[in-house]
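*Asks:* Structure file structure-v5.cif (mmCIF, C-alpha atoms) right here:
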data_data
#
loop_
_atom_site.label_atom_id
_atom_site.label_comp_id
_atom_site.auth_asym_id
_atom_site.auth_seq_id
_atom_site.Cartn_x
_atom_site.Cartn_y
_atom_site.Cartn_z
CA MET W 1 15.29 -16.26 13.23
CA GLN W 2 15.58 -13.08 11.19
CA ARG W 3 14.32 -13.27 7.63
CA TYR W 4 13.54 -10.89 4.80
CA ARG W 5 11.01 -11.28 2.02
CA ARG W 6 10.52 -8.97 -0.96
CA ILE W 7 7.36 -9.25 -3.03
CA ALA W 8 6.83 -7.86 -6.53
CA GLY W 9 3.99 -5.34 -6.68
CA PRO W 10 2.65 -3.26 -9.58
CA PRO W 11 3.16 -3.52 -12.52
CA HIS W 12 4.15 -7.17 -12.00
CA ARG W 13 0.74 -7.66 -10.37
CA PRO W 14 -1.94 -5.26 -9.05
CA ALA W 15 -1.53 -3.99 -5.51
CA THR W 16 -4.56 -6.03 -4.45
CA ALA W 17 -2.94 -9.23 -5.72
CA ALA W 18 0.39 -8.30 -4.14
CA TRP W 19 -1.34 -7.83 -0.79
CA GLU W 20 -2.91 -11.27 -1.17
CA VAL W 21 0.59 -12.70 -1.63
CA VAL W 22 1.74 -10.90 1.52
CA THR W 23 -1.19 -12.16 3.59
CA ALA W 24 -0.72 -15.71 2.27
CA LEU W 25 2.96 -15.57 3.24
CA ILE W 26 2.08 -14.40 6.75
CA THR W 27 -0.71 -16.95 7.11
CA ASP W 28 1.32 -19.89 5.79
CA THR W 29 4.24 -18.98 8.04
CA LEU W 30 2.22 -18.64 11.23
CA THR W 31 0.00 -21.67 10.66
CA ALA W 32 3.08 -23.87 10.57
CA SER W 33 2.73 -23.55 14.32
CA THR W 34 0.28 -25.93 15.94
CA GLN W 35 -0.80 -23.10 18.25
CA ILE W 36 -2.14 -20.85 15.49
CA SER W 37 -5.11 -21.45 13.19
CA THR W 38 -5.75 -19.98 9.77
CA THR W 39 -8.93 -18.39 11.10
CA ASP W 40 -6.96 -16.55 13.80
CA VAL W 41 -4.62 -15.03 11.24
CA VAL W 42 -7.28 -14.19 8.66
CA THR W 43 -9.42 -12.55 11.34
CA ALA W 44 -6.51 -10.44 12.54
CA LEU W 45 -5.67 -9.26 9.04
CA THR W 46 -9.27 -8.45 8.06
CA SER W 47 -9.01 -4.85 9.20
CA LEU W 48 -6.22 -4.34 6.68
CA ASN W 49 -8.37 -5.26 3.67
CA GLY W 50 -8.01 -2.47 1.12
CA LEU W 51 -5.60 -0.67 3.40
CA GLY W 52 -2.84 -3.18 2.66
CA ALA W 53 -3.26 -2.70 -1.08
CA ALA W 54 -3.26 1.07 -0.55
CA LEU W 55 0.05 0.86 1.34
CA ILE W 56 1.54 -0.99 -1.61
CA ALA W 57 0.06 1.27 -4.29
CA ALA W 58 1.33 4.39 -2.53
CA GLY W 59 4.80 2.88 -2.30
CA HIS W 60 4.84 2.82 1.49
CA LEU W 61 6.15 -0.75 1.65
CA GLU W 62 9.00 -0.10 -0.77
CA THR W 63 11.61 0.37 1.92
CA THR W 64 9.72 0.37 5.21
CA PRO W 65 8.72 -3.20 5.96
CA LEU W 66 5.86 -4.93 7.63
CA VAL W 67 7.55 -6.85 10.44
CA LEU W 68 6.14 -10.12 11.77
CA VAL W 69 7.44 -10.95 15.23
CA SER W 70 6.82 -14.01 17.37
CA ASN W 71 8.97 -16.12 19.68
CA GLY W 72 12.27 -15.66 17.88
CA LEU W 73 10.60 -15.24 14.48
CA HIS W 74 11.41 -11.84 12.94
CA VAL W 75 10.32 -11.39 9.32
CA SER W 76 10.58 -8.12 7.39
CA ILE W 77 8.36 -7.92 4.30
CA THR W 78 8.70 -5.22 1.65
CA VAL W 79 6.91 -4.80 -1.68
CA ALA W 80 8.70 -3.46 -4.75
CA THR W 81 6.76 -1.32 -7.22
CA GLY W 82 7.45 0.29 -10.56
CA ALA W 83 10.87 -0.24 -12.05
CA ASP W 84 12.07 -1.80 -8.79
CA SER W 85 9.62 -4.68 -9.19
CA VAL W 86 11.54 -5.84 -12.24
CA GLY W 87 13.89 -8.62 -11.30
CA VAL W 88 12.58 -9.24 -7.80
CA GLU W 89 13.30 -12.82 -6.85
CA GLU W 90 10.34 -13.83 -4.77
CA ASN W 91 10.40 -16.52 -2.14
CA ILE W 92 6.81 -17.00 -1.10
CA ASN W 93 7.37 -20.23 0.81
CA PRO W 94 6.48 -20.19 4.51
CA VAL W 95 9.30 -18.58 6.45
CA PRO W 96 11.45 -21.08 8.39
CA GLY W 97 10.84 -20.78 12.11
CA GLY W 98 7.10 -20.37 11.75
CA SER W 99 6.51 -23.60 13.63
CA THR W 100 7.82 -21.97 16.80
CA ALA W 101 5.40 -19.03 16.56
CA THR W 102 3.09 -18.49 19.49
CA THR W 103 -0.38 -17.01 19.85
CA ASP W 104 1.02 -13.64 20.90
CA TRP W 105 2.43 -12.92 17.41
CA ILE W 106 2.45 -9.29 16.28
CA LEU W 107 2.49 -7.73 12.83
CA HIS W 108 4.11 -4.29 13.08
CA LEU W 109 2.77 -1.84 10.50
CA PRO W 110 4.63 1.11 8.98
CA THR W 111 3.12 4.51 9.77
CA PRO W 112 3.54 6.84 6.79
CA ALA W 113 2.26 10.29 7.73
CA PRO W 114 -0.80 10.42 5.43
CA LEU W 115 -2.09 7.06 6.70
CA ARG W 116 -1.02 7.25 10.34
CA SER W 117 -4.48 7.70 11.86
CA ILE W 118 -6.23 5.10 9.69
CA LEU W 119 -3.48 2.56 10.41
CA ALA W 120 -3.71 3.26 14.13
CA ALA W 121 -7.46 2.69 13.95
CA ALA W 122 -6.95 -0.58 12.09
CA ALA W 123 -4.37 -1.74 14.62
CA LYS W 124 -6.83 -1.17 17.46
CA GLN W 125 -9.11 -3.79 15.96
CA SER W 126 -6.71 -6.65 16.65
CA SER W 127 -4.21 -7.44 19.38
CA HIS W 128 -2.03 -8.91 16.62
CA LEU W 129 -1.55 -5.58 14.85
CA SER W 130 0.64 -2.74 16.06
CA THR W 131 1.84 0.63 14.83
CA ASP W 132 4.64 0.60 17.39
CA PRO W 133 8.08 0.22 15.85
CA ALA W 134 9.12 -3.41 15.63
CA PRO W 135 11.69 -4.47 18.20
CA ALA W 136 15.16 -4.97 16.81
CA TYR W 137 15.91 -8.59 16.07
CA GLY W 138 18.66 -8.84 18.66
CA SER W 139 16.47 -7.43 21.41
CA VAL W 140 13.77 -9.97 20.68
CA GLU W 141 16.27 -12.78 20.84
CA ALA W 142 17.75 -11.50 24.06
CA SER W 143 14.42 -11.12 25.79
CA THR W 144 13.25 -14.50 24.56
CA ALA W 145 16.46 -16.15 25.70
CA THR W 146 16.23 -14.57 29.13
CA ALA W 147 12.58 -15.41 29.54
CA GLY W 148 13.06 -18.96 28.40
CA SER W 149 16.39 -19.71 30.04
CA LEU W 150 16.71 -22.89 32.11
CA VAL W 151 19.37 -21.19 34.19
CA ASP W 152 18.47 -18.54 36.77
CA LEU W 153 21.14 -15.96 35.94
CA SER W 154 20.57 -14.15 39.22
CA THR W 155 21.94 -17.14 41.13
CA LEU W 156 25.21 -16.76 39.25
CA ASP W 157 25.43 -13.20 40.54
CA ASP W 158 25.00 -14.55 44.06
CA PHE W 159 27.69 -17.13 43.41
CA GLN W 160 30.18 -14.52 42.28
CA VAL W 161 29.49 -12.41 45.33
CA SER W 162 30.04 -15.32 47.71
CA GLN W 163 33.44 -15.99 46.24
CA MET Q 164 10.60 -27.82 -2.50
CA SER Q 165 11.46 -24.18 -3.03
CA SER Q 166 9.31 -22.04 -5.30
CA SER Q 167 10.64 -18.78 -6.61
CA SER Q 168 10.09 -16.60 -9.62
CA THR Q 169 11.93 -13.82 -11.34
CA SER Q 170 9.90 -11.04 -12.89
CA THR Q 171 11.42 -10.73 -16.34
CA HIS Q 172 8.71 -9.64 -18.73
CA SER Q 173 7.82 -8.15 -22.00
CA TRP Q 174 5.67 -5.30 -20.75
CA THR Q 175 2.16 -4.95 -22.16
CA ILE Q 176 -0.47 -2.23 -22.00
CA THR Q 177 -1.97 -4.15 -19.08
CA HIS Q 178 1.24 -3.67 -17.11
CA THR Q 179 1.15 0.03 -17.95
CA ALA Q 180 -2.47 0.20 -16.83
CA THR Q 181 -1.75 -1.69 -13.61
CA HIS Q 182 1.10 0.66 -12.79
CA LEU Q 183 -0.77 3.88 -13.54
CA ALA Q 184 -3.98 2.75 -11.82
CA ASP Q 185 -2.13 1.96 -8.61
CA VAL Q 186 0.00 5.10 -8.68
CA ILE Q 187 -3.13 7.22 -9.19
CA LEU Q 188 -5.09 5.43 -6.45
CA GLY Q 189 -2.10 5.41 -4.10
CA SER Q 190 -1.67 9.14 -4.65
CA ILE Q 191 -5.36 9.74 -3.97
CA VAL Q 192 -5.01 7.85 -0.67
CA ASP Q 193 -2.06 10.01 0.35
CA ILE Q 194 -3.85 13.19 -0.75
CA LEU Q 195 -6.97 12.32 1.25
CA GLY Q 196 -4.84 11.43 4.26
CA HIS Q 197 -2.93 14.67 4.01
CA LEU Q 198 -6.11 16.73 3.68
CA GLY Q 199 -7.67 14.92 6.63
CA ILE Q 200 -10.54 13.40 4.63
CA ASP Q 201 -11.90 10.01 5.68
CA ALA Q 202 -10.81 7.47 3.04
CA THR Q 203 -12.54 4.44 4.57
CA ARG Q 204 -14.83 4.02 1.55
CA LEU Q 205 -11.85 4.07 -0.79
CA PHE Q 206 -10.25 1.18 1.10
CA ALA Q 207 -13.49 -0.79 1.05
CA ASP Q 208 -13.82 -0.34 -2.72
CA TRP Q 209 -10.13 -0.64 -3.49
CA ALA Q 210 -10.14 -3.83 -5.56
CA GLN Q 211 -13.18 -2.69 -7.56
CA ASN Q 212 -11.71 0.74 -8.33
CA GLU Q 213 -8.30 -0.70 -9.15
CA ALA Q 214 -9.84 -3.18 -11.60
CA ALA Q 215 -12.03 -0.54 -13.24
CA ILE Q 216 -9.28 2.04 -13.74
CA THR Q 217 -6.90 -0.64 -15.00
CA ALA Q 218 -9.49 -1.81 -17.52
CA TRP Q 219 -10.18 1.71 -18.78
CA ILE Q 220 -6.48 2.53 -19.20
CA THR Q 221 -5.93 -0.81 -20.93
CA GLU Q 222 -8.61 0.07 -23.50
CA LYS Q 223 -7.20 3.64 -23.62
CA SER Q 224 -10.60 5.11 -22.90
CA LEU Q 225 -9.68 6.78 -19.61
CA LYS Q 226 -9.03 10.48 -20.17
CA ALA Q 227 -8.60 11.54 -16.54
CA ALA Q 228 -9.32 10.47 -12.98
CA VAL Q 229 -10.72 13.30 -10.89
CA LEU Q 230 -10.87 13.75 -7.12
CA GLU Q 231 -13.38 16.35 -5.90
CA CYS Q 232 -13.30 17.51 -2.28
CA HIS Q 233 -16.75 18.59 -1.06
CA GLN Q 234 -16.60 20.86 1.99
CA PRO Q 235 -19.51 21.02 4.48
CA ASN Q 236 -20.40 24.58 3.37
CA GLY Q 237 -20.96 23.40 -0.20
CA THR Q 238 -17.63 24.59 -1.57
CA VAL Q 239 -15.95 22.07 -3.84
CA SER Q 240 -12.22 22.63 -3.45
CA PRO Q 241 -9.62 21.44 -4.06
CA ILE Q 242 -10.09 19.33 -7.16
CA LEU Q 243 -7.25 17.09 -8.28
CA GLU Q 244 -7.14 15.84 -11.84
CA PHE Q 245 -5.00 12.96 -13.10
CA PRO Q 246 -5.02 13.17 -16.90
CA VAL Q 247 -3.56 10.17 -18.72
CA ASN Q 248 -1.66 10.62 -21.98
CA TYR Q 249 -1.18 7.63 -24.26
CA THR Q 250 1.79 7.15 -26.54
CA THR Q 251 0.88 6.85 -30.20
CA SER Q 252 3.67 4.45 -31.05
CA GLY Q 253 2.52 1.77 -28.61
CA VAL Q 254 5.72 1.11 -26.69
CA ALA Q 255 8.03 3.80 -25.40
CA ASP Q 256 11.19 3.33 -23.38
CA GLY Q 257 9.91 0.53 -21.21
CA THR Q 258 10.38 2.14 -17.83
CA PHE Q 259 7.96 2.51 -14.94
CA THR Q 260 8.30 5.63 -12.85
CA ALA Q 261 6.41 7.26 -10.00
CA ASP Q 262 7.49 10.61 -8.59
CA ARG Q 263 6.28 10.02 -5.05
CA ALA Q 264 9.03 12.07 -3.43
CA SER Q 265 7.97 15.16 -5.35
CA LEU Q 266 4.32 14.42 -4.56
CA ALA Q 267 5.11 14.27 -0.85
CA ARG Q 268 6.85 17.65 -1.02
CA TYR Q 269 3.95 19.05 -3.04
CA LEU Q 270 1.37 17.77 -0.55
CA ALA Q 271 3.26 19.32 2.34
CA LYS Q 272 2.46 22.74 0.90
CA LEU Q 273 -1.28 22.13 0.66
CA HIS Q 274 -3.76 23.33 3.25
CA THR Q 275 -6.04 20.90 5.01
CA VAL Q 276 -9.80 21.16 4.50
CA PRO Q 277 -12.57 21.65 7.10
CA ARG Q 278 -13.62 18.67 9.20
CA GLY Q 279 -16.49 16.82 7.54
CA THR Q 280 -15.20 17.34 4.01
CA THR Q 281 -15.99 14.34 1.80
CA TYR Q 282 -14.75 13.26 -1.59
CA ARG Q 283 -16.09 12.05 -4.92
CA LEU Q 284 -14.20 10.21 -7.62
CA PHE Q 285 -14.91 10.72 -11.32
CA ILE Q 286 -13.48 9.31 -14.50
CA THR Q 287 -13.69 11.20 -17.78
CA PHE Q 288 -13.35 9.37 -21.08
CA ASN Q 289 -12.03 9.52 -24.62
CA GLY Q 290 -15.03 8.20 -26.57
CA GLN Q 291 -16.45 4.73 -25.93
CA TYR Q 292 -15.68 2.88 -22.72
CA SER Q 293 -16.64 -0.40 -21.08
CA ASP Q 294 -19.02 -0.70 -18.14
CA GLN Q 295 -17.29 -1.49 -14.87
CA PRO Q 296 -18.89 -2.74 -11.61
CA GLY Q 297 -19.55 -0.07 -8.99
CA TRP Q 298 -19.36 2.86 -11.40
CA GLY Q 299 -22.23 4.83 -12.91
CA PRO Q 300 -22.93 8.16 -14.59
CA GLY Q 301 -22.12 11.31 -12.64
CA THR Q 302 -21.77 15.02 -13.11
CA ARG Q 303 -18.68 16.97 -12.15
CA VAL Q 304 -18.89 20.43 -10.67
CA SER Q 305 -17.76 23.31 -12.83
CA THR Q 306 -14.12 24.30 -12.53
CA ASP Q 307 -14.74 27.77 -13.97
CA GLY Q 308 -12.87 30.42 -12.04
CA MET Q 309 -10.70 27.95 -10.18
CA ARG Q 310 -6.97 28.48 -9.99
CA SER Q 311 -5.02 25.66 -11.65
CA ARG Q 312 -1.53 24.51 -10.87
CA SER Q 313 0.28 21.69 -12.64
CA PHE Q 314 2.37 19.18 -10.74
CA GLY Q 315 3.71 17.73 -13.98
CA THR Q 316 4.25 14.05 -14.63
CA LEU Q 317 3.28 11.86 -11.71
CA ALA Q 318 3.93 8.47 -13.29
CA GLY Q 319 5.33 7.08 -16.49
CA ALA Q 320 5.06 3.71 -18.19
CA PRO Q 321 5.81 2.24 -21.62
CA HIS Q 322 2.40 2.99 -23.14
CA ALA Q 323 1.14 6.02 -21.20
CA SER Q 324 1.85 8.55 -18.48
CA ALA Q 325 -0.23 10.23 -15.79
CA ASN Q 326 -0.01 13.87 -14.81
CA LEU Q 327 -1.44 15.75 -11.87
CA ARG Q 328 -3.24 19.08 -11.85
CA TYR Q 329 -4.47 20.87 -8.72
CA LEU Q 330 -7.41 23.24 -8.88
CA SER Q 331 -8.58 25.42 -6.00
CA LYS Q 332 -10.89 28.33 -5.29
CA PRO Q 333 -8.98 31.62 -5.38
#
Translate the structure of the given file into structure tokens.
*Replies:*
Amino acid sequence: MQRYRRIAGPPHRPATAAWEVVTALITDTLTASTQISTTDVVTALTSLNGLGAALIAAGHLETTPLVLVSNGLHVSITVATGADSVGVEENINPVPGGSTATTDWILHLPTPAPLRSILAAAAKQSSHLSTDPAPAYGSVEASTATAGSLVDLSTLDDFQVSQ
Amino acid sequence: MSSSSTSTHSWTITHTATHLADVILGSIVDILGHLGIDATRLFADWAQNEAAITAWITEKSLKAAVLECHQPNGTVSPILEFPVNYTTSGVADGTFTADRASLARYLAKLHTVPRGTTYRLFITFNGQYSDQPGWGPGTRVSTDGMRSRSFGTLAGAPHASANLRYLSKP
């Protein structure tokens, strides 16, 4: 399920507070799944303390999103700042589809040039963080559908050949 | 039940301070990253610095934020100053701006500094100011003889604006 969330940053609220809203959104979404605990999510996001607020303050989440991906869940999160934060309609409820999330969830981080190395270092501290580009929504769905299919598609190929 | 909010506000000096504090700190992060200086300490102290700078701009005591780059050989260069100018009328045009695109182009022209260069942050004041956690007295290095270049206005807000000035050894 592909979803988008836009959070209001400074001057609506300080970057630190905006990052807390982002982490709460991610945590509340993932912990709707019985497979994922709050501790797991908080631990994974610890290495982004301070760094997340810096990303917001520097405007790096204005247009390039954080992307949360797990088992069909595909959530893009941006943070508006300055004049753009005026009029943002926030939806900070857990994202629908979170209950299907699995323990292999990944939060894909943007990699603005000035922060590339520090973000890469932060990502190395958790298997749930990545600086690789997020997979396109369709490709995630396709791979999930193939992996989880009850039908062995290769047998259909055999069937067509035998005809 | 769905919870949503729309940010329609009457902007206060606190909003101005929040905006300018985060633009200044966000710019410092990008500058340090561009120069290749380890900013780990800045991330660790982020909330504390953000709160302090916001408080000082709110009380209009903050004159300038200053970033000094200390090279291993003792040279202090470059120095980046973020002077804040307050409007006398209280409320200006009510817009919040940040010229990050120009800053990115400006940074691209700067040279990196030697490995091992560290940084120090200073705040200078207009008269009296409140104490803030994590901050204490300090002494800036002299900028005599340094070459100064103005970036112009970095950020604007209803009650104040922040500029950027770059100083380097000739």
*Asks:* Please identify every residue of chain Q that has at least one atom no more than 10 Å from any atom of chain W, counting all atoms listed in the file, and report them as number ranges by chain.
*Replies:* Q: 164-172, 174-175, 177-199, 201-211, 213-214, 217, 257-261, 263, 267, 270, 318-320
*Asks:* Filtering to C-alpha atoms, could you give me those residues as a CSV table (one decimal), keeping the file's coordinate frame?
*Replies:*
chain,number,residue,atom,x,y,z
Q,164,MET,CA,10.6,-27.8,-2.5
Q,165,SER,CA,11.5,-24.2,-3.0
Q,166,SER,CA,9.3,-22.0,-5.3
Q,167,SER,CA,10.6,-18.8,-6.6
Q,168,SER,CA,10.1,-16.6,-9.6
Q,169,THR,CA,11.9,-13.8,-11.3
Q,170,SER,CA,9.9,-11.0,-12.9
Q,171,THR,CA,11.4,-10.7,-16.3
Q,172,HIS,CA,8.7,-9.6,-18.7
Q,174,TRP,CA,5.7,-5.3,-20.8
Q,175,THR,CA,2.2,-5.0,-22.2
Q,177,THR,CA,-2.0,-4.2,-19.1
Q,178,HIS,CA,1.2,-3.7,-17.1
Q,179,THR,CA,1.2,0.0,-18.0
Q,180,ALA,CA,-2.5,0.2,-16.8
Q,181,THR,CA,-1.8,-1.7,-13.6
Q,182,HIS,CA,1.1,0.7,-12.8
Q,183,LEU,CA,-0.8,3.9,-13.5
Q,184,ALA,CA,-4.0,2.8,-11.8
Q,185,ASP,CA,-2.1,2.0,-8.6
Q,186,VAL,CA,0.0,5.1,-8.7
Q,187,ILE,CA,-3.1,7.2,-9.2
Q,188,LEU,CA,-5.1,5.4,-6.4
Q,189,GLY,CA,-2.1,5.4,-4.1
Q,190,SER,CA,-1.7,9.1,-4.6
Q,191,ILE,CA,-5.4,9.7,-4.0
Q,192,VAL,CA,-5.0,7.8,-0.7
Q,193,ASP,CA,-2.1,10.0,0.4
Q,194,ILE,CA,-3.8,13.2,-0.8
Q,195,LEU,CA,-7.0,12.3,1.2
Q,196,GLY,CA,-4.8,11.4,4.3
Q,197,HIS,CA,-2.9,14.7,4.0
Q,198,LEU,CA,-6.1,16.7,3.7
Q,199,GLY,CA,-7.7,14.9,6.6
Q,201,ASP,CA,-11.9,10.0,5.7
Q,202,ALA,CA,-10.8,7.5,3.0
Q,203,THR,CA,-12.5,4.4,4.6
Q,204,ARG,CA,-14.8,4.0,1.6
Q,205,LEU,CA,-11.8,4.1,-0.8
Q,206,PHE,CA,-10.2,1.2,1.1
Q,207,ALA,CA,-13.5,-0.8,1.0
Q,208,ASP,CA,-13.8,-0.3,-2.7
Q,209,TRP,CA,-10.1,-0.6,-3.5
Q,210,ALA,CA,-10.1,-3.8,-5.6
Q,211,GLN,CA,-13.2,-2.7,-7.6
Q,213,GLU,CA,-8.3,-0.7,-9.2
Q,214,ALA,CA,-9.8,-3.2,-11.6
Q,217,THR,CA,-6.9,-0.6,-15.0
Q,257,GLY,CA,9.9,0.5,-21.2
Q,258,THR,CA,10.4,2.1,-17.8
Q,259,PHE,CA,8.0,2.5,-14.9
Q,260,THR,CA,8.3,5.6,-12.8
Q,261,ALA,CA,6.4,7.3,-10.0
Q,263,ARG,CA,6.3,10.0,-5.0
Q,267,ALA,CA,5.1,14.3,-0.8
Q,270,LEU,CA,1.4,17.8,-0.6
Q,318,ALA,CA,3.9,8.5,-13.3
Q,319,GLY,CA,5.3,7.1,-16.5
Q,320,ALA,CA,5.1,3.7,-18.2
*Asks:* Can you tell me how far CA of Pro296 (chain Q) sits from CA of His233 (chain Q), in Å to one decimal?
*Replies:*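 Computed distance, CA of Pro296 (chain Q) to CA of His233 (chain Q), equals 23.9 Å.
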*Asks:* Identify the residues around (-3.4, -1.4, 14.5) within a radius of 9 Å, measuring from all atoms listed in the file in the coordinates stated by the file, and give them as number ranges by chain.
*Replies:* W: 47-48, 107-109, 118-132
*Asks:* Write out as a short mmCIF file (atom, residue, chain, number, x, y, z; two decimals) with C-alpha atoms, in the coordinates of the input which residues come within 10 Å of Pro135 (chain W) when counting only C-alpha atoms, dropping same-chain ones fewer than 6 positions away.
*Replies:*
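The file below, selection-v8.cif, is the result:
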data_model
loop_
_atom_site.label_atom_id
_atom_site.label_comp_id
_atom_site.auth_asym_id
_atom_site.auth_seq_id
_atom_site.Cartn_x
_atom_site.Cartn_y
_atom_site.Cartn_z
CA VAL W 67 7.55 -6.85 10.44
CA VAL W 69 7.44 -10.95 15.23
CA HIS W 74 11.41 -11.84 12.94
CA HIS W 108 4.11 -4.29 13.08
CA GLU W 141 16.27 -12.78 20.84
#
*Asks:* Write out as a PDB file with C-alpha atoms, keeping the file's coordinate frame which residues come within 12 Å of Ser37 (chain W) when counting all atoms listed in the file, dropping same-chain ones fewer than 2 positions away.
*Replies:*
ATOM      1  CA  ILE W  26       2.080 -14.400   6.750  1.00  0.00           C
ATOM      2  CA  THR W  27      -0.710 -16.950   7.110  1.00  0.00           C
ATOM      3  CA  ASP W  28       1.320 -19.890   5.790  1.00  0.00           C
ATOM      4  CA  THR W  29       4.240 -18.980   8.040  1.00  0.00           C
ATOM      5  CA  LEU W  30       2.220 -18.640  11.230  1.00  0.00           C
ATOM      6  CA  THR W  31       0.000 -21.670  10.660  1.00  0.00           C
ATOM      7  CA  ALA W  32       3.080 -23.870  10.570  1.00  0.00           C
ATOM      8  CA  SER W  33       2.730 -23.550  14.320  1.00  0.00           C
ATOM      9  CA  THR W  34       0.280 -25.930  15.940  1.00  0.00           C
ATOM     10  CA  GLN W  35      -0.800 -23.100  18.250  1.00  0.00           C
ATOM     11  CA  THR W  39      -8.930 -18.390  11.100  1.00  0.00           C
ATOM     12  CA  ASP W  40      -6.960 -16.550  13.800  1.00  0.00           C
ATOM     13  CA  VAL W  41      -4.620 -15.030  11.240  1.00  0.00           C
ATOM     14  CA  VAL W  42      -7.280 -14.190   8.660  1.00  0.00           C
ATOM     15  CA  THR W  43      -9.420 -12.550  11.340  1.00  0.00           C
ATOM     16  CA  ALA W  44      -6.510 -10.440  12.540  1.00  0.00           C
ATOM     17  CA  SER W  99       6.510 -23.600  13.630  1.00  0.00           C
ATOM     18  CA  ALA W 101       5.400 -19.030  16.560  1.00  0.00           C
ATOM     19  CA  THR W 102       3.090 -18.490  19.490  1.00  0.00           C
ATOM     20  CA  THR W 103      -0.380 -17.010  19.850  1.00  0.00           C
TER      21      THR W 103
END
*Asks:* Separation of CA of Phe245 (chain Q) and CA of Thr78 (chain W), in Å?
*Replies:* 27.1 Å
*Asks:* Using all atoms listed in the file, can you tell me which of W:Ser139, W:Thr38, W:Thr100, W:Thr111 comes closest to Leu73 (chain W)?
*Replies:*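 Result for the nearest residue to Leu73 (chain W): W:Thr100.
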*Asks:* Nearest residue to Trp105 (chain W) out of W:Ile36, W:Leu66, W:Ala136, W:Leu61, using only C-alpha atoms?
*Replies:*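 Nearest to Trp105 (chain W): W:Ile36.
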*Asks:* Using all atoms listed in the file, find the one residue out of Q:Leu327, Q:Glu231, Q:Leu243, Q:Thr250 that sits nearest to Thr280 (chain Q).
*Replies:*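 Among the listed residues, Q:Glu231 lies closest to Thr280 (chain Q).
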*Asks:* For a test of reading the model, state the distance in Å between CA of Ile286 (chain Q) and CA of Thr316 (chain Q), rounded to one decimal.
*Replies:*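 Between CA of Ile286 (chain Q) and CA of Thr316 (chain Q) the gap is 18.4 Å.
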*Asks:* Excluding same-chain residues fewer than 5 positions from Thr302 (chain Q), what lies within 12 Å of it counting only C-alpha atoms, as a PDB file with C-alpha atoms, keeping the file's coordinate frame?
*Replies:*
ATOM      1  CA  VAL Q 229     -10.720  13.300 -10.890  1.00  0.00           C
ATOM      2  CA  GLU Q 231     -13.380  16.350  -5.900  1.00  0.00           C
ATOM      3  CA  ARG Q 283     -16.090  12.050  -4.920  1.00  0.00           C
ATOM      4  CA  LEU Q 284     -14.200  10.210  -7.620  1.00  0.00           C
ATOM      5  CA  PHE Q 285     -14.910  10.720 -11.320  1.00  0.00           C
ATOM      6  CA  ILE Q 286     -13.480   9.310 -14.500  1.00  0.00           C
ATOM      7  CA  THR Q 287     -13.690  11.200 -17.780  1.00  0.00           C
TER       8      THR Q 287
END
*Asks:* Would you compute an axis-aligned box for region 68-86 of chain W, covering every atom listed for it in the file with 8 Å of margin on each side, and report centre and edge lengths in Å to one decimal as JSON?
*Replies:*
{"center_x": 9.2, "center_y": -7.9, "center_z": 3.7, "size_x": 22.1, "size_y": 32.4, "size_z": 47.9}
*Asks:* Need the shell around Thr238 (chain Q): protein/DNA/RNA residues with any atom at most 12 Å away, counting all atoms listed in the file. Skip same-chain ones fewer than 5 positions apart. Format as a ChimeraX atom specification?
*Replies:* /Q:231-233,276-277,280-282,304-306,309,331-333
*Asks:* So, with all atoms listed in the file as the atoms that count, which of Q:Thr221, Q:Gln291, Q:Ser240, Q:Ser173 lies closest to Thr275 (chain Q)?
*Replies:*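 That would be Q:Ser240, the residue with the smallest distance to Thr275 (chain Q).
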*Asks:* Using the incomplete input, complete region 227-235 of chain Q to the level of N, CA and C atoms; output as a compact mmCIF listing (two decimals), keeping the file's coordinate frame.
*Replies:*
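Ended up saving to selection.txt:
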# COMPACT_ATOMS: atom_id res chain seq x y z
N ALA Q 227 -9.13 11.02 -17.81
CA ALA Q 227 -8.60 11.54 -16.54
C ALA Q 227 -9.37 10.95 -15.36
N ALA Q 228 -8.67 10.76 -14.26
CA ALA Q 228 -9.32 10.47 -12.98
C ALA Q 228 -9.39 11.80 -12.23
N VAL Q 229 -10.50 12.00 -11.54
CA VAL Q 229 -10.72 13.30 -10.89
C VAL Q 229 -11.16 13.09 -9.44
N LEU Q 230 -10.52 13.79 -8.53
CA LEU Q 230 -10.87 13.75 -7.12
C LEU Q 230 -11.45 15.10 -6.72
N GLU Q 231 -12.73 15.12 -6.36
CA GLU Q 231 -13.38 16.35 -5.90
C GLU Q 231 -13.51 16.32 -4.37
N CYS Q 232 -13.16 17.41 -3.73
CA CYS Q 232 -13.30 17.51 -2.28
C CYS Q 232 -14.48 18.42 -1.96
N HIS Q 233 -15.50 17.86 -1.34
CA HIS Q 233 -16.75 18.59 -1.06
C HIS Q 233 -16.76 19.03 0.41
N GLN Q 234 -16.64 20.33 0.63
CA GLN Q 234 -16.60 20.86 1.99
C GLN Q 234 -18.03 21.00 2.55
N PRO Q 235 -18.16 20.97 3.87
CA PRO Q 235 -19.51 21.02 4.48
C PRO Q 235 -20.32 22.26 4.08
